[in-house]
Each structure stands twice: as structure tokens, then as C-alpha cells.
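Written out below as C-alpha cells is the structure these notes cover.
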Amino acid sequence: MTERFKKSASPAAISTEVTSLGWLSEAESLGGAPVAELLAHGKKWLATRHMAPGSPSRDEAREAGRRLALTHAAGAAFFGAAPPGLPAEDAVLAELPSPVVEEPTYASWGPFFAALRLAPHMDQAQNAGCFDTDQADRLWRVIDRIAEGDFDAEQPQAVRDARTRAVAEAGQPPAARLHGDLWGGNIVWAQEGTHVVGTLIDPSAHGGHAETDLAELAVFGSPHLEDTIAGYQEASALADGWQERVPIHQLHMLLVHVVKFGEGYVPWTVGLANGFA
């Protein structure tokens with residue numbers, strides 16, 4: 001009998017994860033990153049195949065980067081697109097709303113990221129009194145700069161190369177197929193025979209900028225992260241200046257942590273923003 005890992009969550013969280021796993025699995029079939037195998041699910045639960053943990057070598061971490069690049073290159077129709085079958089009102093991340101749109105709305109990455117990934121959580125954190133007036137003002141200045149496109153950059157090469165003709169004809173910029181919550185704990189380094197394979201779990205997938213997944217992977221660290229990035233670059237070169245944009249992309253995950261876990265994450269979040277306000 002196949003060993004299972006079973007989890008319970010809200011219907012929206014289960015809907016988000018089930019559709020996200022399916023969408024990312026499509027990318028896996030094209031050479032993308034391995035994804036947790038969904039065995040069964042109900043309205044408030046799901047079960048995936050149990051994975052034995054392993055410790056990756058530098059080469060295995062590098063391979064994980066190459067395969068993540070191909071997941072991103074599988075693409076999305078537009079910024080903010082949800083996995084097929086996920087109603088917009090069900091899209092969540094860590095049981096918090098994770099807004100998506102049902103049709104193209106944003107002509108570039110900055111307005112999308114500011115409106116759907118930063119402003120909702122900033123509003124929640126501010127309403128909860130997590131930031132003082134000066135801190136909130138600085139963070140909103142950065143969000144405004146993002147919305148104005150100050151940090152827009154090209155997608156990695158493979159995402160641009162793989163853009164479908166239909167998307168190009170619709171006038172939409174290339175969007176990457178993101179995991180959407182890619183901190184280090186959402187990669188299981190699974191022992192598969194003699195190899196350790198970086199396997200994606202707990203996604204909140206959507207169309208976005210590939211640099212977001214990579215930046216969020218660095219928030220709490222990941223084994224041999226520099227090798228993962230090197231492998232990614234081998235498969236899909238990142239745009240110049242990507243290192244300087246890392247804090248901008250990390251603001252989303254840190255604002256989520258402020259909302260979920262409180263003021264302990266405030267200094268970190270404000271510190272990231274200080275260099276851009």
C-alpha cells in the first residue's frame with residue numbers, strides 16, 4: 001500500500017492546492033520540477049504520496065534549479081492568472097486571500113505585483129497595527145514605486161522563448177508559471193533510489209514573474225541555494241540586475257508573515273523596504 005501524507009485545510013486552501021498541483025504537474029511532464037503526487041482529495045482534505053527525506057548534493061541542487069526554470073517556462077496566460085479550475089474567490093496562500101484575475105488586467109508585472117501581492121497584505125498588516133506611521137509610509141512608497149514599474153524587468157530567457165503564439169498575439173507580456181509560495185520548506189528533498197530530488201509541495205500557483213519564486217526561496221534559505229541558482233541560469237538566464245531586485249520580490253512573503261505571525265517580522269520587512277523608499 002502506498003504511504004500517504006494527509007492534510008486538512010479549508011475548502012479554499014484545498015481547492016488552491018489541488019488545482020496548483022495539477023497545473024505544476026503539467027509542467028513536470030515537460031521536464032519541469034517534480035511535484036508531490038496527489039493521491040486523493042475531498043472538500044477539506046488531500047493526500048499525497050509520502051516522500052522519504054534526503055540531503056541533496058550540490059549537483060542535485062543544481063538539477064533542481066534547471067527543472068524549476070522549465071516549470072516557469074511552461075508559462076501562464078497573463079499576470080495573476082489562476083490554475084485552470086480554481087475560482088478566483090478560492091485562491092489563498094496560508095489561508096490568506098491570494099487574489100487572482102480571470103482575464104488579462106495588468107500590462108506589466110509591477111502593477112500586478114503591487115495590487116494583488118502587496119497591497120492586500122499591507123492593508124491587513126496596517127489595520128492590525130503592525131506598522132507605525134513612518135514604517136507604513138515607507139512601505140507604501142515602495143509599493144507605489146513597484147506599481148509605477150520602477151522594478152520591472154524581463155522574464156528569464158526560457159520564459160520569454162516559450163511564450164505561446166496565442167499569448168503573444170493577445171498582446172500580453174510573458175508570465176511565468178509560479179509555485180507561488182516557494183520558501184525552502186516547500187521543496188521536499190526526496191530520496192528516490194540513489195538520487196535526491198527537489199520536489200514541490202504546498203503551492204499557491206499563479207502567473208507572475210519568475211524572479212519571485214527564486215527570491216522567496218532565499219528568504220529562509222535552501223540547501224546549496226547558490227547551486228540551485230546556477231542550475232537555473234544554465235537553463236534560463238536571468239535578466240541583468242536580478243540580485244538587486246531580490247528584496248522587492250521578497251516583500252510579498254514577508255508581508256504575509258507579518259499578517260500571519262505578527263510584529264516579529266516587522267523589522268525585517270521594513271529593512272528590506274528602506275533601500276527603495
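For the C-alpha cells, the naming scheme is as follows: chains receive sequential letters (A, B, ...) according to their order of presentation, residues are indexed from 1 within each chain, and ligands are indexed from 1 in presentation order.
Those residues of region 2-114 of chain A that DSSP, working from the backbone, places in strand (DSSP E) are Arg4, Phe5, Lys6, Lys7, Ser8, Leu38, Leu39, Ala40, His41, Trp45, Leu46, Ala47, Thr48, Arg49, Val92, Leu93, Leu96 and Pro97 of chain A.
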Go ahead and write the selection's residues with N, CA, C and O atoms as a PDB file, in the first residue's frame.
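After the write, again-v6.pdb holds the following:
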ATOM      1  N   ARG A   4       0.959   7.485   2.598  1.00  0.00           N
ATOM      2  CA  ARG A   4       0.350   8.764   2.292  1.00  0.00           C
ATOM      3  C   ARG A   4       0.716   9.823   3.326  1.00  0.00           C
ATOM      4  O   ARG A   4       0.961   9.511   4.483  1.00  0.00           O
ATOM      5  N   PHE A   5       0.718  11.058   2.852  1.00  0.00           N
ATOM      6  CA  PHE A   5       0.740  12.205   3.736  1.00  0.00           C
ATOM      7  C   PHE A   5      -0.607  12.888   3.568  1.00  0.00           C
ATOM      8  O   PHE A   5      -0.976  13.295   2.462  1.00  0.00           O
ATOM      9  N   LYS A   6      -1.371  12.996   4.654  1.00  0.00           N
ATOM     10  CA  LYS A   6      -2.710  13.581   4.575  1.00  0.00           C
ATOM     11  C   LYS A   6      -2.747  14.887   5.345  1.00  0.00           C
ATOM     12  O   LYS A   6      -2.165  15.004   6.430  1.00  0.00           O
ATOM     13  N   LYS A   7      -3.421  15.874   4.799  1.00  0.00           N
ATOM     14  CA  LYS A   7      -3.563  17.163   5.467  1.00  0.00           C
ATOM     15  C   LYS A   7      -4.990  17.644   5.351  1.00  0.00           C
ATOM     16  O   LYS A   7      -5.707  17.309   4.394  1.00  0.00           O
ATOM     17  N   SER A   8      -5.403  18.447   6.325  1.00  0.00           N
ATOM     18  CA  SER A   8      -6.724  19.054   6.329  1.00  0.00           C
ATOM     19  C   SER A   8      -6.570  20.565   6.264  1.00  0.00           C
ATOM     20  O   SER A   8      -5.617  21.129   6.810  1.00  0.00           O
ATOM     21  N   LEU A  38      -0.439  13.772  -6.037  1.00  0.00           N
ATOM     22  CA  LEU A  38      -1.750  13.813  -5.391  1.00  0.00           C
ATOM     23  C   LEU A  38      -2.436  12.464  -5.561  1.00  0.00           C
ATOM     24  O   LEU A  38      -2.650  12.000  -6.677  1.00  0.00           O
ATOM     25  N   LEU A  39      -2.790  11.837  -4.438  1.00  0.00           N
ATOM     26  CA  LEU A  39      -3.426  10.519  -4.476  1.00  0.00           C
ATOM     27  C   LEU A  39      -4.940  10.597  -4.384  1.00  0.00           C
ATOM     28  O   LEU A  39      -5.644   9.815  -5.024  1.00  0.00           O
ATOM     29  N   ALA A  40      -5.437  11.504  -3.567  1.00  0.00           N
ATOM     30  CA  ALA A  40      -6.877  11.630  -3.376  1.00  0.00           C
ATOM     31  C   ALA A  40      -7.143  12.953  -2.674  1.00  0.00           C
ATOM     32  O   ALA A  40      -6.249  13.553  -2.071  1.00  0.00           O
ATOM     33  N   HIS A  41      -8.387  13.416  -2.758  1.00  0.00           N
ATOM     34  CA  HIS A  41      -8.731  14.640  -2.033  1.00  0.00           C
ATOM     35  C   HIS A  41     -10.237  14.705  -1.843  1.00  0.00           C
ATOM     36  O   HIS A  41     -11.020  14.089  -2.567  1.00  0.00           O
ATOM     37  N   TRP A  45      -9.729  18.070   2.630  1.00  0.00           N
ATOM     38  CA  TRP A  45      -8.511  17.288   2.865  1.00  0.00           C
ATOM     39  C   TRP A  45      -7.904  16.865   1.535  1.00  0.00           C
ATOM     40  O   TRP A  45      -8.570  16.873   0.496  1.00  0.00           O
ATOM     41  N   LEU A  46      -6.628  16.513   1.598  1.00  0.00           N
ATOM     42  CA  LEU A  46      -5.977  15.892   0.451  1.00  0.00           C
ATOM     43  C   LEU A  46      -4.894  14.954   0.960  1.00  0.00           C
ATOM     44  O   LEU A  46      -4.429  15.065   2.102  1.00  0.00           O
ATOM     45  N   ALA A  47      -4.519  14.034   0.109  1.00  0.00           N
ATOM     46  CA  ALA A  47      -3.459  13.082   0.444  1.00  0.00           C
ATOM     47  C   ALA A  47      -2.475  13.015  -0.709  1.00  0.00           C
ATOM     48  O   ALA A  47      -2.870  12.909  -1.882  1.00  0.00           O
ATOM     49  N   THR A  48      -1.195  13.118  -0.387  1.00  0.00           N
ATOM     50  CA  THR A  48      -0.136  12.979  -1.376  1.00  0.00           C
ATOM     51  C   THR A  48       0.748  11.796  -1.005  1.00  0.00           C
ATOM     52  O   THR A  48       0.733  11.319   0.141  1.00  0.00           O
ATOM     53  N   ARG A  49       1.504  11.315  -1.979  1.00  0.00           N
ATOM     54  CA  ARG A  49       2.414  10.205  -1.712  1.00  0.00           C
ATOM     55  C   ARG A  49       3.483  10.643  -0.728  1.00  0.00           C
ATOM     56  O   ARG A  49       4.081  11.705  -0.865  1.00  0.00           O
ATOM     57  N   VAL A  92      -6.047  31.131  -2.234  1.00  0.00           N
ATOM     58  CA  VAL A  92      -5.494  31.515  -0.941  1.00  0.00           C
ATOM     59  C   VAL A  92      -4.035  31.090  -0.851  1.00  0.00           C
ATOM     60  O   VAL A  92      -3.560  30.242  -1.609  1.00  0.00           O
ATOM     61  N   LEU A  93      -3.344  31.683   0.112  1.00  0.00           N
ATOM     62  CA  LEU A  93      -1.985  31.303   0.461  1.00  0.00           C
ATOM     63  C   LEU A  93      -1.909  31.372   1.981  1.00  0.00           C
ATOM     64  O   LEU A  93      -2.177  32.436   2.555  1.00  0.00           O
ATOM     65  N   LEU A  96      -4.732  32.913   3.736  1.00  0.00           N
ATOM     66  CA  LEU A  96      -4.989  34.328   3.472  1.00  0.00           C
ATOM     67  C   LEU A  96      -5.387  34.495   2.010  1.00  0.00           C
ATOM     68  O   LEU A  96      -4.935  33.732   1.143  1.00  0.00           O
ATOM     69  N   PRO A  97      -6.220  35.468   1.684  1.00  0.00           N
ATOM     70  CA  PRO A  97      -6.565  35.694   0.279  1.00  0.00           C
ATOM     71  C   PRO A  97      -5.315  35.899  -0.576  1.00  0.00           C
ATOM     72  O   PRO A  97      -4.374  36.585  -0.173  1.00  0.00           O
TER      73      PRO A  97
END
Near-Gly193 (chain A) list (12 Å; only C-alpha atoms; drop same-chain fewer than 2 positions) as a PyMOL selection string
chain A and resi 51-54+190-191+195-197
Name all residues at most 6 Å from Ala76 (chain A) (count only C-alpha atoms; drop same-chain ones fewer than 2 positions away) and give them as a JSON list (two decimals) with all heavy atoms, in the first residue's frame.
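Saved result, result.json, follows:
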[["chain", "number", "residue", "atom", "x", "y", "z"],
["A", 78, "PHE", "N", -1.33, 35.18, -18.38],
["A", 78, "PHE", "CA", -1.16, 36.60, -18.03],
["A", 78, "PHE", "C", -0.81, 36.70, -16.56],
["A", 78, "PHE", "O", -0.92, 35.73, -15.80],
["A", 78, "PHE", "CB", -2.44, 37.41, -18.33],
["A", 78, "PHE", "CG", -3.71, 36.76, -17.86],
["A", 78, "PHE", "CD1", -4.15, 36.89, -16.54],
["A", 78, "PHE", "CD2", -4.49, 36.00, -18.72],
["A", 78, "PHE", "CE1", -5.32, 36.30, -16.10],
["A", 78, "PHE", "CE2", -5.67, 35.40, -18.30],
["A", 78, "PHE", "CZ", -6.09, 35.55, -16.98],
["A", 175, "ALA", "N", 4.31, 35.65, -18.91],
["A", 175, "ALA", "CA", 4.18, 35.40, -17.47],
["A", 175, "ALA", "C", 4.68, 33.99, -17.18],
["A", 175, "ALA", "O", 4.44, 33.06, -17.96],
["A", 175, "ALA", "CB", 2.73, 35.54, -17.04],
["A", 176, "ALA", "N", 5.38, 33.83, -16.07],
["A", 176, "ALA", "CA", 5.90, 32.53, -15.66],
["A", 176, "ALA", "C", 4.85, 31.77, -14.87],
["A", 176, "ALA", "O", 3.98, 32.36, -14.22],
["A", 176, "ALA", "CB", 7.16, 32.71, -14.82],
["A", 177, "ARG", "N", 4.94, 30.46, -14.90],
["A", 177, "ARG", "CA", 4.08, 29.60, -14.08],
["A", 177, "ARG", "C", 4.77, 29.41, -12.73],
["A", 177, "ARG", "O", 5.72, 28.65, -12.61],
["A", 177, "ARG", "CB", 3.84, 28.25, -14.76],
["A", 177, "ARG", "CG", 2.82, 27.38, -14.05],
["A", 177, "ARG", "CD", 2.46, 26.14, -14.86],
["A", 177, "ARG", "NE", 2.00, 26.47, -16.20],
["A", 177, "ARG", "CZ", 1.45, 25.59, -17.04],
["A", 177, "ARG", "NH1", 1.30, 24.32, -16.68],
["A", 177, "ARG", "NH2", 1.07, 25.97, -18.24],
["A", 207, "GLY", "N", 0.18, 33.02, -12.40],
["A", 207, "GLY", "CA", 1.07, 33.64, -13.37],
["A", 207, "GLY", "C", 1.75, 34.85, -12.78],
["A", 207, "GLY", "O", 1.08, 35.75, -12.26]]
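Proximity to Val35 (chain A) at 9 Å, evaluated using only C-alpha atoms and with sequence-adjacent residues fewer than 2 positions away removed, yields Leu21, Gly22, Leu24, Ser25, Glu28, Gly32, Ala33, Glu37, Leu38, Gly198, Thr199, Leu200 and Ile201 of chain A.
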Would you put the residues from that selection into a file with N, CA and C atoms, as a short mmCIF file (atom, residue, chain, number, x, y, z; two decimals), in the first residue's frame?
data_model
loop_
_atom_site.label_atom_id
_atom_site.label_comp_id
_atom_site.auth_asym_id
_atom_site.auth_seq_id
_atom_site.Cartn_x
_atom_site.Cartn_y
_atom_site.Cartn_z
N LEU A 21 -1.29 21.91 -7.83
CA LEU A 21 -0.51 20.69 -8.07
C LEU A 21 -0.72 20.17 -9.49
N GLY A 22 -1.98 20.20 -9.94
CA GLY A 22 -2.25 19.73 -11.29
C GLY A 22 -1.57 20.58 -12.35
N LEU A 24 1.11 22.54 -12.00
CA LEU A 24 2.56 22.35 -11.94
C LEU A 24 2.96 20.97 -12.46
N SER A 25 2.09 19.98 -12.27
CA SER A 25 2.37 18.64 -12.81
C SER A 25 2.42 18.64 -14.33
N GLU A 28 5.79 19.57 -15.04
CA GLU A 28 6.70 18.46 -14.77
C GLU A 28 6.77 17.52 -15.97
N GLY A 32 9.78 19.93 -16.17
CA GLY A 32 9.83 20.84 -15.05
C GLY A 32 10.05 20.14 -13.72
N ALA A 33 10.01 20.91 -12.66
CA ALA A 33 10.30 20.39 -11.33
C ALA A 33 9.30 19.32 -10.92
N GLU A 37 2.91 13.98 -5.54
CA GLU A 37 1.89 13.20 -6.25
C GLU A 37 0.59 13.19 -5.45
N LEU A 38 -0.44 13.77 -6.04
CA LEU A 38 -1.75 13.81 -5.39
C LEU A 38 -2.44 12.46 -5.56
N GLY A 198 14.56 17.43 -5.71
CA GLY A 198 13.79 18.55 -5.17
C GLY A 198 12.37 18.53 -5.70
N THR A 199 11.40 18.34 -4.79
CA THR A 199 10.01 18.12 -5.16
C THR A 199 9.13 19.20 -4.55
N LEU A 200 8.28 19.82 -5.35
CA LEU A 200 7.46 20.95 -4.91
C LEU A 200 6.24 20.48 -4.14
N ILE A 201 5.96 21.14 -3.02
CA ILE A 201 4.75 20.87 -2.24
C ILE A 201 4.07 22.21 -1.92
#
Residues near Gly110 (chain A), anyone? I mean within 12 Å using only C-alpha atoms, not counting same-chain ones fewer than 6 positions away, as an MDAnalysis selection string.
chainID A and resid 79:80 116:119 142:154 173 208:209 212 245 248:249
How would the residues just picked look written out with N, CA, C and O atoms as a compact mmCIF listing (two decimals), in the first residue's frame?
# COMPACT_ATOMS: atom_id res chain seq x y z
N PHE A 79 -0.38 37.88 -16.15
CA PHE A 79 -0.07 38.11 -14.75
C PHE A 79 -1.34 38.00 -13.91
O PHE A 79 -2.35 38.64 -14.21
N GLY A 80 -1.26 37.18 -12.86
CA GLY A 80 -2.41 36.98 -11.99
C GLY A 80 -3.32 35.86 -12.41
O GLY A 80 -4.34 35.62 -11.75
N LEU A 116 -2.04 42.99 -6.37
CA LEU A 116 -2.54 41.67 -5.95
C LEU A 116 -1.66 40.95 -4.96
O LEU A 116 -2.14 40.05 -4.26
N ARG A 117 -0.39 41.31 -4.87
CA ARG A 117 0.50 40.56 -4.00
C ARG A 117 0.98 41.37 -2.79
O ARG A 117 1.36 40.80 -1.79
N LEU A 118 0.95 42.70 -2.88
CA LEU A 118 1.45 43.51 -1.78
C LEU A 118 0.35 44.30 -1.07
O LEU A 118 0.22 44.23 0.15
N ALA A 119 -0.43 45.07 -1.81
CA ALA A 119 -1.40 45.96 -1.17
C ALA A 119 -2.40 45.22 -0.26
O ALA A 119 -2.68 45.71 0.84
N VAL A 142 7.34 52.32 -1.41
CA VAL A 142 7.94 51.25 -2.22
C VAL A 142 6.88 50.57 -3.08
O VAL A 142 7.10 50.30 -4.27
N ILE A 143 5.73 50.29 -2.49
CA ILE A 143 4.65 49.66 -3.26
C ILE A 143 4.23 50.55 -4.42
O ILE A 143 3.99 50.08 -5.54
N ASP A 144 4.17 51.87 -4.18
CA ASP A 144 3.85 52.80 -5.27
C ASP A 144 4.91 52.75 -6.37
O ASP A 144 4.58 52.79 -7.57
N ARG A 145 6.18 52.68 -5.99
CA ARG A 145 7.24 52.59 -7.00
C ARG A 145 7.11 51.30 -7.82
O ARG A 145 7.32 51.30 -9.04
N ILE A 146 6.79 50.20 -7.14
CA ILE A 146 6.59 48.94 -7.85
C ILE A 146 5.43 49.07 -8.83
O ILE A 146 5.52 48.65 -10.00
N ALA A 147 4.32 49.66 -8.37
CA ALA A 147 3.15 49.84 -9.24
C ALA A 147 3.47 50.69 -10.46
O ALA A 147 2.89 50.49 -11.54
N GLU A 148 4.39 51.64 -10.30
CA GLU A 148 4.77 52.51 -11.41
C GLU A 148 5.75 51.86 -12.37
O GLU A 148 6.11 52.44 -13.40
N GLY A 149 6.18 50.64 -12.06
CA GLY A 149 7.05 49.91 -12.97
C GLY A 149 8.53 50.13 -12.76
O GLY A 149 9.34 49.73 -13.61
N ASP A 150 8.91 50.74 -11.64
CA ASP A 150 10.32 51.07 -11.42
C ASP A 150 11.21 49.82 -11.34
O ASP A 150 12.43 49.93 -11.57
N PHE A 151 10.65 48.67 -11.02
CA PHE A 151 11.45 47.46 -10.86
C PHE A 151 11.07 46.38 -11.88
O PHE A 151 11.45 45.22 -11.72
N ASP A 152 10.34 46.78 -12.91
CA ASP A 152 10.01 45.82 -13.96
C ASP A 152 11.29 45.36 -14.67
O ASP A 152 12.22 46.14 -14.85
N ALA A 153 11.31 44.10 -15.04
CA ALA A 153 12.46 43.53 -15.74
C ALA A 153 11.97 42.39 -16.61
O ALA A 153 10.89 41.83 -16.38
N GLU A 154 12.76 42.05 -17.59
CA GLU A 154 12.39 40.94 -18.46
C GLU A 154 12.35 39.64 -17.67
O GLU A 154 13.08 39.45 -16.69
N PRO A 173 2.35 40.40 -22.00
CA PRO A 173 3.75 40.10 -21.73
C PRO A 173 3.88 38.68 -21.21
O PRO A 173 2.93 38.12 -20.65
N GLY A 208 3.09 34.89 -12.82
CA GLY A 208 3.82 36.00 -12.24
C GLY A 208 5.19 36.15 -12.86
O GLY A 208 5.42 35.72 -13.99
N HIS A 209 6.11 36.72 -12.11
CA HIS A 209 7.48 36.87 -12.57
C HIS A 209 8.34 35.79 -11.94
O HIS A 209 8.28 35.57 -10.72
N THR A 212 10.27 36.05 -8.59
CA THR A 212 9.60 35.99 -7.29
C THR A 212 9.85 34.65 -6.62
O THR A 212 10.19 34.59 -5.42
N ARG A 245 17.06 43.13 -7.35
CA ARG A 245 15.59 43.10 -7.24
C ARG A 245 15.10 42.06 -6.23
O ARG A 245 13.89 42.01 -5.94
N ILE A 248 12.81 43.29 -3.40
CA ILE A 248 11.49 43.71 -3.88
C ILE A 248 10.56 42.51 -3.97
O ILE A 248 9.41 42.55 -3.51
N HIS A 249 11.04 41.42 -4.55
CA HIS A 249 10.21 40.23 -4.69
C HIS A 249 9.95 39.56 -3.34
O HIS A 249 8.92 38.90 -3.16
Quick check for you: according to DSSP on this backbone, which residues of region 38-266 of chain A are classed as helix (DSSP H, G or I)? Reply as a PyMOL selection string.
chain A and resi 58-73+88-90+109-127+133-147+157-161+165-169+184-186+210-217+225-235+242-261+263-266
Considering only C-alpha atoms, state which residue in the set A:Pro56, A:Pro247, A:Pro99, A:Pro83 is at the smallest distance from Phe113 (chain A).
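Closest residue, counting only C-alpha atoms: A:Pro99.
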What lies within 10 Å of Glu95 (chain A) using only C-alpha atoms, ignoring chain neighbours under 4 positions off, as a PyMOL selection string?
chain A and resi 9-14+16+90-91+260
Residue contacts of region 227-235 of chain A (6 Å, only C-alpha atoms) excluding same-chain residues fewer than 6 positions away, as a PyMOL selection string
chain A and resi 61-63+65-66+69
File dump, residues just selected, C-alpha atoms, as a tab-separated table (two decimals), in the first residue's frame:
chain	number	residue	atom	x	y	z
A	61	ALA	CA	20.52	21.18	-6.06
A	62	ARG	CA	21.76	22.40	-9.44
A	63	GLU	CA	19.42	19.99	-11.22
A	65	GLY	CA	17.31	24.79	-10.42
A	66	ARG	CA	17.35	23.62	-14.03
A	69	ALA	CA	13.39	27.01	-14.83
